[in-house]
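> Supplied structure: final.cif, mmCIF, C-alpha atoms (C1' of nucleotides).
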```cif
data_my_file
#
loop_
_atom_site.label_atom_id
_atom_site.label_comp_id
_atom_site.auth_asym_id
_atom_site.auth_seq_id
_atom_site.Cartn_x
_atom_site.Cartn_y
_atom_site.Cartn_z
CA MET A 14 24.78 13.71 13.67
CA HIS A 15 21.35 14.91 12.76
CA THR A 16 19.43 17.64 14.47
CA MET A 17 16.43 16.66 16.52
CA ARG A 18 13.28 18.64 16.42
CA LYS A 19 11.72 18.94 19.82
CA SER A 20 8.23 19.03 18.42
CA ALA A 21 8.72 15.68 16.79
CA TYR A 22 8.97 13.71 19.98
CA LYS A 23 8.38 15.96 22.92
CA SER A 24 5.46 13.96 24.25
CA GLY A 25 7.57 10.85 24.56
CA VAL A 26 10.48 12.07 26.57
CA ALA A 27 8.59 11.97 29.82
CA GLY A 28 7.46 8.41 29.06
CA LYS A 29 3.91 9.07 30.11
CA SER A 30 1.85 6.27 28.72
CA ASN A 31 -1.68 5.31 29.58
CA ALA A 32 -1.20 1.89 28.11
CA LEU A 33 1.84 1.11 30.26
CA LYS A 34 1.38 2.98 33.47
CA SER A 35 4.88 2.99 34.88
CA ALA A 36 8.34 3.53 33.46
CA ALA A 37 9.32 0.10 34.71
CA ARG A 38 6.51 -1.53 32.78
CA ALA A 39 7.45 0.38 29.68
CA ARG A 40 11.04 -0.81 29.99
CA ARG A 41 9.95 -4.43 30.38
CA PHE A 42 7.66 -4.08 27.37
CA ARG A 43 10.50 -2.70 25.23
CA ARG A 44 12.95 -5.38 26.33
CA ARG A 45 10.56 -8.25 25.63
CA LEU A 46 9.29 -6.87 22.38
CA LEU A 47 12.77 -6.21 20.99
CA ALA A 48 14.12 -9.60 22.11
CA TRP A 49 11.22 -11.23 20.33
CA TYR A 50 11.78 -9.10 17.25
CA TYR A 51 15.46 -9.92 16.96
CA ALA A 52 14.66 -13.62 17.26
CA HIS A 53 11.65 -13.74 14.96
CA LYS A 54 11.80 -10.92 12.49
CA ARG A 55 11.17 -11.83 8.90
CA ASP A 56 14.10 -11.72 6.53
CA LEU A 57 12.86 -8.93 4.26
CA PRO A 58 14.88 -7.30 1.48
CA TRP A 59 14.55 -3.76 2.86
CA ARG A 60 16.09 -4.92 6.12
CA GLU A 61 19.47 -5.59 4.51
CA ASN A 62 20.79 -2.13 5.24
CA ARG A 63 19.75 1.41 6.16
CA ASP A 64 20.10 3.04 2.78
CA PRO A 65 17.43 5.75 2.88
CA TYR A 66 16.56 5.24 -0.79
CA ARG A 67 15.78 1.58 -0.15
CA ILE A 68 13.92 2.31 3.07
CA TRP A 69 11.91 5.04 1.37
CA LEU A 70 10.96 2.82 -1.57
CA SER A 71 9.88 0.02 0.76
CA GLU A 72 7.74 2.34 2.86
CA ILE A 73 5.95 3.77 -0.16
CA MET A 74 5.31 0.32 -1.63
CA LEU A 75 4.08 -0.98 1.71
CA GLN A 76 1.43 1.70 2.09
CA GLN A 77 -1.84 -0.22 2.31
CA THR A 78 -0.14 -3.13 0.59
CA ARG A 79 0.86 -6.50 1.98
CA VAL A 80 4.47 -7.55 2.38
CA ALA A 81 3.91 -10.56 0.15
CA ALA A 82 2.70 -8.36 -2.69
CA VAL A 83 5.60 -5.94 -2.34
CA VAL A 84 8.62 -8.25 -2.22
CA GLY A 85 8.72 -9.07 -5.95
CA TYR A 86 8.02 -5.53 -7.07
CA TYR A 87 10.67 -4.19 -4.73
CA ALA A 88 13.45 -6.27 -6.22
CA LYS A 89 12.48 -5.48 -9.80
CA PHE A 90 12.05 -1.80 -9.11
CA LEU A 91 15.45 -1.52 -7.46
CA GLN A 92 17.04 -3.31 -10.34
CA ARG A 93 15.39 -0.95 -12.80
CA PHE A 94 15.95 2.20 -10.70
CA PRO A 95 18.94 1.47 -8.43
CA SER A 96 19.36 5.02 -7.15
CA VAL A 97 17.38 8.17 -6.57
CA GLU A 98 19.28 9.74 -9.47
CA LYS A 99 18.23 7.00 -11.87
CA LEU A 100 14.66 7.28 -10.68
CA ALA A 101 14.63 11.05 -11.07
CA ALA A 102 15.99 10.77 -14.61
CA ALA A 103 13.39 8.22 -15.71
CA ARG A 104 10.24 8.96 -17.67
CA GLU A 105 7.05 8.76 -15.63
CA GLU A 106 5.71 6.08 -17.94
CA SER A 107 8.66 3.84 -17.09
CA VAL A 108 8.06 4.31 -13.40
CA LEU A 109 4.40 3.48 -13.79
CA ALA A 110 5.25 0.42 -15.87
CA ALA A 111 7.42 -0.85 -13.04
CA TRP A 112 4.55 -0.20 -10.64
CA SER A 113 1.89 -1.76 -12.85
CA GLY A 114 -0.23 -4.22 -10.87
CA LEU A 115 0.79 -2.94 -7.46
CA GLY A 116 -2.07 -0.45 -7.24
CA TYR A 117 -2.44 3.07 -5.87
CA TYR A 118 -0.56 4.50 -8.80
CA ARG A 119 -0.49 7.96 -7.32
CA ARG A 120 2.23 6.56 -5.07
CA ALA A 121 4.44 5.94 -8.09
CA ARG A 122 3.86 9.41 -9.50
CA MET A 123 4.65 11.03 -6.16
CA LEU A 124 7.68 8.81 -5.66
CA HIS A 125 8.94 10.00 -9.02
CA ALA A 126 8.14 13.63 -8.22
CA ALA A 127 9.91 13.35 -4.87
CA ALA A 128 12.98 11.84 -6.53
CA LYS A 129 13.21 14.86 -8.79
CA VAL A 130 12.99 17.21 -5.82
CA LEU A 131 15.63 15.22 -3.96
CA VAL A 132 18.06 15.36 -6.86
CA LYS A 133 17.41 18.94 -7.95
CA ALA A 134 17.01 20.65 -4.60
CA HIS A 135 18.90 18.37 -2.20
CA GLY A 136 21.73 17.06 -4.35
CA GLY A 137 20.31 13.56 -4.06
CA ILE A 138 20.73 13.58 -0.28
CA PHE A 139 17.77 12.61 1.86
CA PRO A 140 16.63 14.88 4.68
CA ASN A 141 17.29 13.07 7.95
CA THR A 142 14.40 14.29 10.06
CA SER A 143 10.77 13.37 10.06
CA GLU A 144 9.82 17.02 9.76
CA ASP A 145 11.80 17.59 6.56
CA LEU A 146 10.95 14.24 5.00
CA LYS A 147 7.27 15.03 5.36
CA LYS A 148 7.64 17.94 2.96
CA LEU A 149 8.26 15.54 0.07
CA PRO A 150 5.38 14.36 -2.12
CA GLY A 151 3.85 11.09 -0.98
CA ILE A 152 5.46 11.21 2.45
CA GLY A 153 2.93 11.72 5.20
CA ARG A 154 3.28 11.52 8.93
CA TYR A 155 3.70 7.77 9.10
CA THR A 156 6.22 7.45 6.27
CA ALA A 157 8.25 10.42 7.44
CA ALA A 158 8.60 8.91 10.89
CA ALA A 159 9.36 5.48 9.48
CA ILE A 160 12.21 6.69 7.27
CA ALA A 161 13.59 9.03 9.93
CA SER A 162 13.64 6.32 12.59
CA ILE A 163 14.81 3.40 10.43
CA ALA A 164 17.35 5.12 8.21
CA PHE A 165 18.50 7.90 10.55
CA ALA A 166 17.71 6.67 14.07
CA GLN A 167 15.62 9.70 14.88
CA PRO A 168 13.52 8.81 17.96
CA VAL A 169 10.08 9.32 16.45
CA ALA A 170 7.32 6.76 16.77
CA VAL A 171 5.21 5.53 13.89
CA VAL A 172 1.52 4.80 13.93
CA ASP A 173 0.17 2.55 11.24
CA GLY A 174 -2.70 0.09 11.28
CA ASN A 175 -0.57 -2.47 13.12
CA VAL A 176 0.63 -0.09 15.81
CA GLU A 177 -2.89 1.19 16.31
CA ARG A 178 -4.22 -2.31 16.87
CA VAL A 179 -1.38 -3.27 19.23
CA LEU A 180 -1.80 -0.12 21.28
CA GLN A 181 -5.56 -0.60 21.54
CA ARG A 182 -5.18 -4.17 22.70
CA ILE A 183 -2.43 -3.34 25.19
CA ALA A 184 -4.48 -0.51 26.65
CA GLY A 185 -7.75 -2.41 26.46
CA ARG A 186 -9.67 0.54 25.15
CA GLU A 187 -10.22 2.66 22.08
CA ILE A 188 -7.50 5.19 21.44
CA SER A 189 -7.92 7.61 18.59
CA GLY A 190 -6.33 10.42 16.68
CA GLU A 191 -3.49 12.30 18.29
CA HIS A 192 -3.65 10.09 21.39
CA LEU A 193 -2.36 7.17 19.34
CA TRP A 194 0.74 9.13 18.39
CA GLU A 195 1.29 10.17 22.00
CA GLU A 196 0.99 6.59 23.22
CA ALA A 197 3.30 5.28 20.54
CA GLN A 198 5.87 7.95 21.34
CA ALA A 199 5.67 7.19 25.06
CA ILE A 200 6.31 3.50 24.52
CA LEU A 201 9.05 3.95 21.90
CA ASP A 202 12.55 2.85 22.76
CA PRO A 203 14.46 6.03 21.84
CA SER A 204 17.80 4.25 21.78
CA GLN A 205 16.75 2.02 18.88
CA PRO A 206 13.71 3.69 17.36
CA GLY A 207 13.89 2.06 13.95
CA GLU A 208 14.06 -1.45 15.34
CA PHE A 209 11.38 -0.70 17.90
CA ASN A 210 9.00 0.75 15.34
CA GLN A 211 9.49 -2.24 13.09
CA ALA A 212 9.01 -4.56 16.06
CA MET A 213 5.64 -3.00 16.85
CA MET A 214 4.54 -3.39 13.25
CA GLU A 215 5.93 -6.91 13.02
CA LEU A 216 4.03 -7.87 16.14
CA GLY A 217 0.82 -6.45 14.70
CA ALA A 218 1.36 -8.13 11.35
CA THR A 219 2.27 -11.60 12.58
CA VAL A 220 0.96 -12.06 16.16
CA CYS A 221 -1.41 -9.31 17.22
CA VAL A 222 -3.43 -9.76 14.07
CA PRO A 223 -7.02 -8.65 13.45
CA GLY A 224 -9.60 -11.28 14.26
CA GLN A 225 -8.02 -14.00 16.39
CA PRO A 226 -4.63 -12.82 17.70
CA LEU A 227 -1.99 -15.44 18.53
CA CYS A 228 -1.76 -14.47 22.19
CA HIS A 229 0.03 -17.70 23.15
CA SER A 230 2.95 -16.56 20.99
CA CYS A 231 2.95 -12.97 22.14
CA PRO A 232 6.10 -11.69 23.83
CA VAL A 233 4.19 -8.94 25.66
CA HIS A 234 1.00 -10.72 26.64
CA SER A 235 1.74 -9.98 30.30
CA SER A 236 1.53 -6.27 29.46
CA CYS A 237 -1.74 -6.68 27.62
CA ALA A 238 -5.09 -5.63 28.97
CA THR A 239 -7.05 -7.47 26.29
CA ARG A 240 -5.43 -10.83 25.44
CA GLY A 241 -7.94 -11.79 22.82
CA PRO A 242 -10.10 -10.39 20.04
CA ARG A 243 -11.39 -6.87 20.29
CA GLN A 244 -14.95 -5.94 19.57
CA SER A 245 -14.77 -4.81 16.00
CA ALA A 246 -16.04 -1.35 15.28
CA GLY A 247 -16.82 -2.55 11.79
CA LYS A 248 -17.71 0.18 9.36
CA ALA A 249 -18.62 -2.14 6.51
CA LEU A 250 -18.70 0.06 3.47
CA ARG A 251 -20.71 -1.42 0.67
CA LEU A 252 -19.01 -2.13 -2.61
CA ARG A 253 -20.91 -1.02 -5.67
CA LYS A 254 -21.39 -3.71 -8.25
CA ARG A 255 -20.96 -3.21 -11.96
CA GLU A 256 -20.57 -5.21 -15.12
CA ILE A 257 -17.96 -4.26 -17.64
CA SER A 258 -16.78 -5.85 -20.84
CA TYR A 259 -13.56 -5.56 -22.76
CA MET A 260 -12.64 -6.57 -26.22
CA LEU A 261 -9.57 -8.57 -27.11
CA ARG A 262 -8.24 -7.56 -30.53
CA ARG A 263 -5.17 -9.39 -31.62
CA LYS A 264 -3.25 -9.19 -34.87
CA SER A 265 0.06 -10.77 -35.72
CA GLY A 266 1.62 -10.59 -32.29
CA SER A 267 0.08 -7.26 -31.33
CA PHE A 268 -2.77 -6.22 -29.06
CA PHE A 269 -5.01 -3.24 -29.51
CA LEU A 270 -4.87 -1.22 -26.28
CA VAL A 271 -6.25 2.15 -25.30
CA GLN A 272 -4.83 4.74 -22.96
CA ARG A 273 -7.02 6.12 -20.21
CA ALA A 274 -7.48 9.86 -20.14
CA LYS A 275 -4.57 11.76 -18.60
CA ASN A 276 -7.00 13.57 -16.35
CA ALA A 277 -9.02 10.52 -15.31
CA LYS A 278 -9.44 10.20 -11.58
CA LEU A 279 -8.81 6.50 -11.73
CA MET A 280 -5.50 5.28 -13.13
CA PRO A 281 -4.91 8.26 -15.45
CA GLY A 282 -2.75 7.62 -18.48
CA MET A 283 -2.57 3.90 -17.99
CA TRP A 284 -3.25 1.37 -20.73
CA GLU A 285 -6.01 -1.20 -20.92
CA LEU A 286 -8.08 -3.27 -23.31
CA PRO A 287 -10.76 -1.36 -25.21
CA GLU A 288 -13.96 -1.21 -23.21
CA LEU A 289 -17.32 -1.99 -24.76
CA ALA A 290 -20.45 0.04 -24.22
CA ASP A 291 -22.51 -1.08 -21.23
CA LYS A 292 -25.27 -2.64 -23.26
CA GLN A 293 -22.84 -4.96 -24.98
CA PHE A 294 -22.38 -7.06 -21.89
CA GLY A 295 -23.92 -10.45 -22.53
CA LYS A 296 -24.34 -10.00 -26.26
CA SER A 297 -21.43 -12.07 -27.39
CA LYS A 298 -19.54 -15.11 -26.31
CA ALA A 299 -17.07 -14.57 -23.51
CA LEU A 300 -13.45 -15.59 -23.76
CA LEU A 301 -13.21 -15.07 -20.07
CA VAL A 302 -15.31 -13.93 -17.13
CA LEU A 303 -13.74 -12.87 -13.87
CA ARG A 304 -14.29 -10.72 -10.85
CA HIS A 305 -12.17 -7.76 -9.95
CA SER A 306 -12.68 -5.05 -7.40
CA ILE A 307 -11.26 -1.60 -7.79
CA THR A 308 -11.48 0.52 -4.67
CA VAL A 309 -15.22 1.02 -4.16
CA THR A 310 -16.60 -1.05 -7.01
CA ASP A 311 -16.89 -4.78 -7.47
CA TYR A 312 -16.72 -5.59 -11.18
CA ARG A 313 -17.93 -8.60 -13.06
CA VAL A 314 -15.64 -8.54 -16.04
CA LYS A 315 -16.23 -10.15 -19.37
CA VAL A 316 -13.69 -10.34 -22.14
CA VAL A 317 -15.01 -10.95 -25.64
CA GLU A 318 -13.30 -11.61 -28.91
CA ASP A 319 -12.89 -9.03 -31.60
CA ILE A 320 -16.36 -7.87 -32.63
CA THR A 321 -17.80 -4.82 -34.30
CA PRO A 322 -15.46 -2.00 -33.36
CA GLU A 323 -18.16 0.68 -33.33
CA VAL A 324 -19.24 -0.35 -29.84
CA VAL A 325 -15.83 0.40 -28.48
CA LEU A 326 -16.07 3.39 -26.16
CA ASN A 327 -12.76 5.10 -26.75
CA PRO A 328 -11.18 3.80 -29.94
CA SER A 329 -9.39 7.01 -30.86
CA THR A 330 -6.92 6.66 -28.01
CA GLY A 331 -5.99 3.16 -29.08
CA LYS A 332 -2.77 1.75 -30.45
CA TRP A 333 -1.48 -1.60 -31.62
CA ILE A 334 1.11 -2.76 -29.13
CA GLN A 335 3.67 -5.45 -29.85
CA GLU A 336 3.43 -8.32 -27.40
CA GLY A 337 7.04 -7.84 -26.34
CA ARG A 338 6.42 -4.21 -25.48
CA LEU A 339 3.69 -4.91 -22.96
CA ALA A 340 6.10 -5.11 -20.04
CA GLN A 341 7.27 -1.56 -20.68
CA LEU A 342 3.76 -0.13 -20.65
CA PRO A 343 1.83 0.96 -17.57
CA LEU A 344 -1.01 -1.52 -17.85
CA THR A 345 -3.85 -1.46 -15.35
CA GLY A 346 -3.85 -4.35 -12.92
CA LEU A 347 -7.07 -5.65 -14.44
CA THR A 348 -5.63 -5.70 -17.96
CA ARG A 349 -2.55 -7.44 -16.64
CA LYS A 350 -4.76 -9.99 -14.92
CA ILE A 351 -6.82 -10.62 -18.06
CA LEU A 352 -3.79 -11.09 -20.30
CA ARG A 353 -2.21 -13.37 -17.75
CA SER A 354 -5.40 -15.46 -17.49
CA LEU A 355 -5.35 -15.86 -21.26
CA LYS A 356 -1.66 -16.83 -21.15
CA MET A 357 -0.76 -13.84 -23.22
CA LEU A 358 1.52 -12.13 -20.74
"C1'" DC B 213 -13.40 14.63 9.16
"C1'" DA B 214 -14.87 11.63 5.15
"C1'" DT B 215 -13.70 9.88 0.90
"C1'" DA B 216 -11.09 8.09 -3.07
"C1'" DC B 217 -7.38 5.60 -4.42
"C1'" DG B 218 -5.90 -0.80 -6.55
"C1'" DT B 219 -5.12 -5.19 -5.69
"C1'" DG B 220 -5.05 -9.91 -4.02
"C1'" DG B 221 -4.94 -12.98 -0.18
"C1'" DA B 222 -7.22 -14.30 4.22
"C1'" DT B 223 -11.27 -15.49 6.76
"C1'" DT C 115 -19.49 -16.28 -2.25
"C1'" DA C 116 -19.07 -12.11 0.60
"C1'" DT C 117 -16.44 -9.30 3.39
"C1'" DC C 118 -12.35 -7.78 5.36
"C1'" DC C 119 -8.28 -5.47 5.10
"C1'" DA C 120 -2.85 -4.31 4.33
"C1'" DA C 121 4.01 -0.66 6.90
"C1'" DG C 122 -1.32 5.74 4.29
"C1'" DT C 123 -1.69 10.08 1.59
"C1'" DA C 124 -3.98 13.83 -0.48
"C1'" DT C 125 -7.87 16.47 -0.84
#
```
Will you turn the file into structure tokens for me?

Amino acid sequence: MHTMRKSAYKSGVAGKSNALKSAARARRFRRRLLAWYYAHKRDLPWRENRDPYRIWLSEIMLQQTRVAAVVGYYAKFLQRFPSVEKLAAAREESVLAAWSGLGYYRRARMLHAAAKVLVKAHGGIFPNTSEDLKKLPGIGRYTAAAIASIAFAQPVAVVDGNVERVLQRIAGREISGEHLWEEAQAILDPSQPGEFNQAMMELGATVCVPGQPLCHSCPVHSSCATRGPRQSAGKALRLRKREISYMLRRKSGSFFLVQRAKNAKLMPGMWELPELADKQFGKSKALLVLRHSITVTDYRVKVVEDITPEVVLNPSTGKWIQEGRLAQLPLTGLTRKILRSLKML
DNA sequence: CATACGTGGAT
DNA sequence: TATCCAAGTAT
């Protein structure tokens, strides 16, 4: 049996929620939500068991990433790194290669770093409390609570984007910062925290969605103060626009690729097609033009055939890579997308 | 507390 | 086409 830390859930024990004003209402909410969850939950691969390694991996992959995008990566990653020991023993480049295309590559580096800590300092055994899990690289407050509740049944609530939206709609008002965590903890069913947390997120992801929520299908609509769209507090951040061109050099089954600087802020150490100097955009015939956005910039991307190499920005870091080796290399998502568009991957 | 970090599907 | 935004974390 694991040790509970008072600080981790003290605010919830009294069951004081502003969103659900009485204990009776909170109980009804829990009962209806969980009944709905058991009947409607999606059959997802990380719900097969409570293996903390599998739960952990799923939670890291799901950070800011849709379920649909994760499912395929999850299966392949588990096949490649079936245990925390295997992951810890791997080279970082292999881990990044398995992550290539999923985005937010820092997650993969921190996952790898955390695996090494787990094996070296914890004998490969996962801490079973939110507080201790949070000490590992890449595990913040949300992920720590998710793993602790799902894998170890620790009664700690999670707050992610889904839970935040559900709580706001239920309460019918803005809730922010620490108050969100207090509300979530107050509503949590402490007897089945992992299922309850997942039920809240499932509701937010499939019913209580942004925009037009499916209130007619909602198991807790009678508890809800909003029952409809919220006024969006839209903080539309403008994407910068930029043009960029890459060169495709191909020779007897090999591609010429360059490695990004190890200390680059964006995708350090990952491999991509050689980039051409800015002024080269539009000067030669495009093999392919596509759009691609990377965090805060919206790129118009042009891929040209092999032309004068002196306009290549960073040729010295380049290498000829055999076609068959591409899968083992940490390619950027954009490079992957380009090669796939050209049927070369 | 604001910002950067990737990508692709939904609206 | 343009914008939103998804099971967040680190700085």
> Could you tell me how far atom CA of A:Ser113 sits from atom CA of A:Gly346, in Å to one decimal place?
6.3 Å
> Could you work out which residues of chain A fall inside 9 Å of chain B? Count all atoms listed in the file, and format the result as a compact mmCIF listing (two decimals) with C-alpha atoms, in the coordinates of the input.

```txt
# COMPACT_ATOMS: atom_id res chain seq x y z
CA THR A 78 -0.14 -3.13 0.59
CA ARG A 79 0.86 -6.50 1.98
CA ALA A 82 2.70 -8.36 -2.69
CA GLY A 114 -0.23 -4.22 -10.87
CA LEU A 115 0.79 -2.94 -7.46
CA GLY A 116 -2.07 -0.45 -7.24
CA TYR A 117 -2.44 3.07 -5.87
CA TYR A 118 -0.56 4.50 -8.80
CA ARG A 119 -0.49 7.96 -7.32
CA GLY A 224 -9.60 -11.28 14.26
CA LYS A 278 -9.44 10.20 -11.58
CA LEU A 279 -8.81 6.50 -11.73
CA MET A 280 -5.50 5.28 -13.13
CA HIS A 305 -12.17 -7.76 -9.95
CA SER A 306 -12.68 -5.05 -7.40
CA ILE A 307 -11.26 -1.60 -7.79
CA THR A 308 -11.48 0.52 -4.67
CA VAL A 309 -15.22 1.02 -4.16
CA GLY A 346 -3.85 -4.35 -12.92
CA LEU A 347 -7.07 -5.65 -14.44
```
> As a ChimeraX atom specification, please: the residues near A:Glu208 (cut-off 12 Å, all atoms listed in the file, same-chain neighbours under 2 positions excluded).
/A:43-44,46-51,54,60,63,159-171,201-206,210-216
> With all atoms listed in the file counted and 6 Å as the cut-off, give the residues of chain C in contact with chain A, each with its shortest interatomic distance in Å and the pair that gives it, as JSON lines.

```
{"residue": "C:DA120", "atom": "C1'", "partner": "A:Gln77", "partner_atom": "CA", "distance": 4.7}
{"residue": "C:DA121", "atom": "C1'", "partner": "A:Leu75", "partner_atom": "CA", "distance": 5.2}
{"residue": "C:DG122", "atom": "C1'", "partner": "A:Gln76", "partner_atom": "CA", "distance": 5.4}
```
> As an exercise, work out the distance from atom CA of A:Leu149 to atom CA of A:Leu91 in Å and give it to one decimal place.
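Interatomic distance here is 20.0 Å.
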> Residues within 10 Å of (-0.2, 21.4, -1.4), file coordinates, counting all atoms listed in the file: what are they? Give the list as a list in words.
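Those within range, by chain then number, are Lys148 and Pro150 of chain A; DA124 and DT125 of chain C.
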> Using atom CA of A:Ser265 and atom CA of A:Val316 as the two end points, give the distance in Å to one decimal.
19.3 Å
> Give me the box for stretch 94-103 of chain A as JSON, namely the centre and edge lengths in Å to one decimal of a box along x, y and z that holds every listed atom plus 5 Å on each side.

```
{"center_x": 16.4, "center_y": 6.3, "center_z": -11.1, "size_x": 16.0, "size_y": 19.6, "size_z": 19.1}
```
> What lies within 7 Å of A:Ile334 using only C-alpha atoms (C1' of nucleotides), ignoring chain neighbours under 4 positions off, as a ChimeraX atom specification?
/A:267-270,338
> Compile the contact shell of A:His192 as a ChimeraX atom specification: residues with an atom at most 12 Å away, counting all atoms listed in the file, same-chain residues fewer than 2 positions apart removed.
/A:24-25,29-32,172,177,180-181,184,186-190,194-199
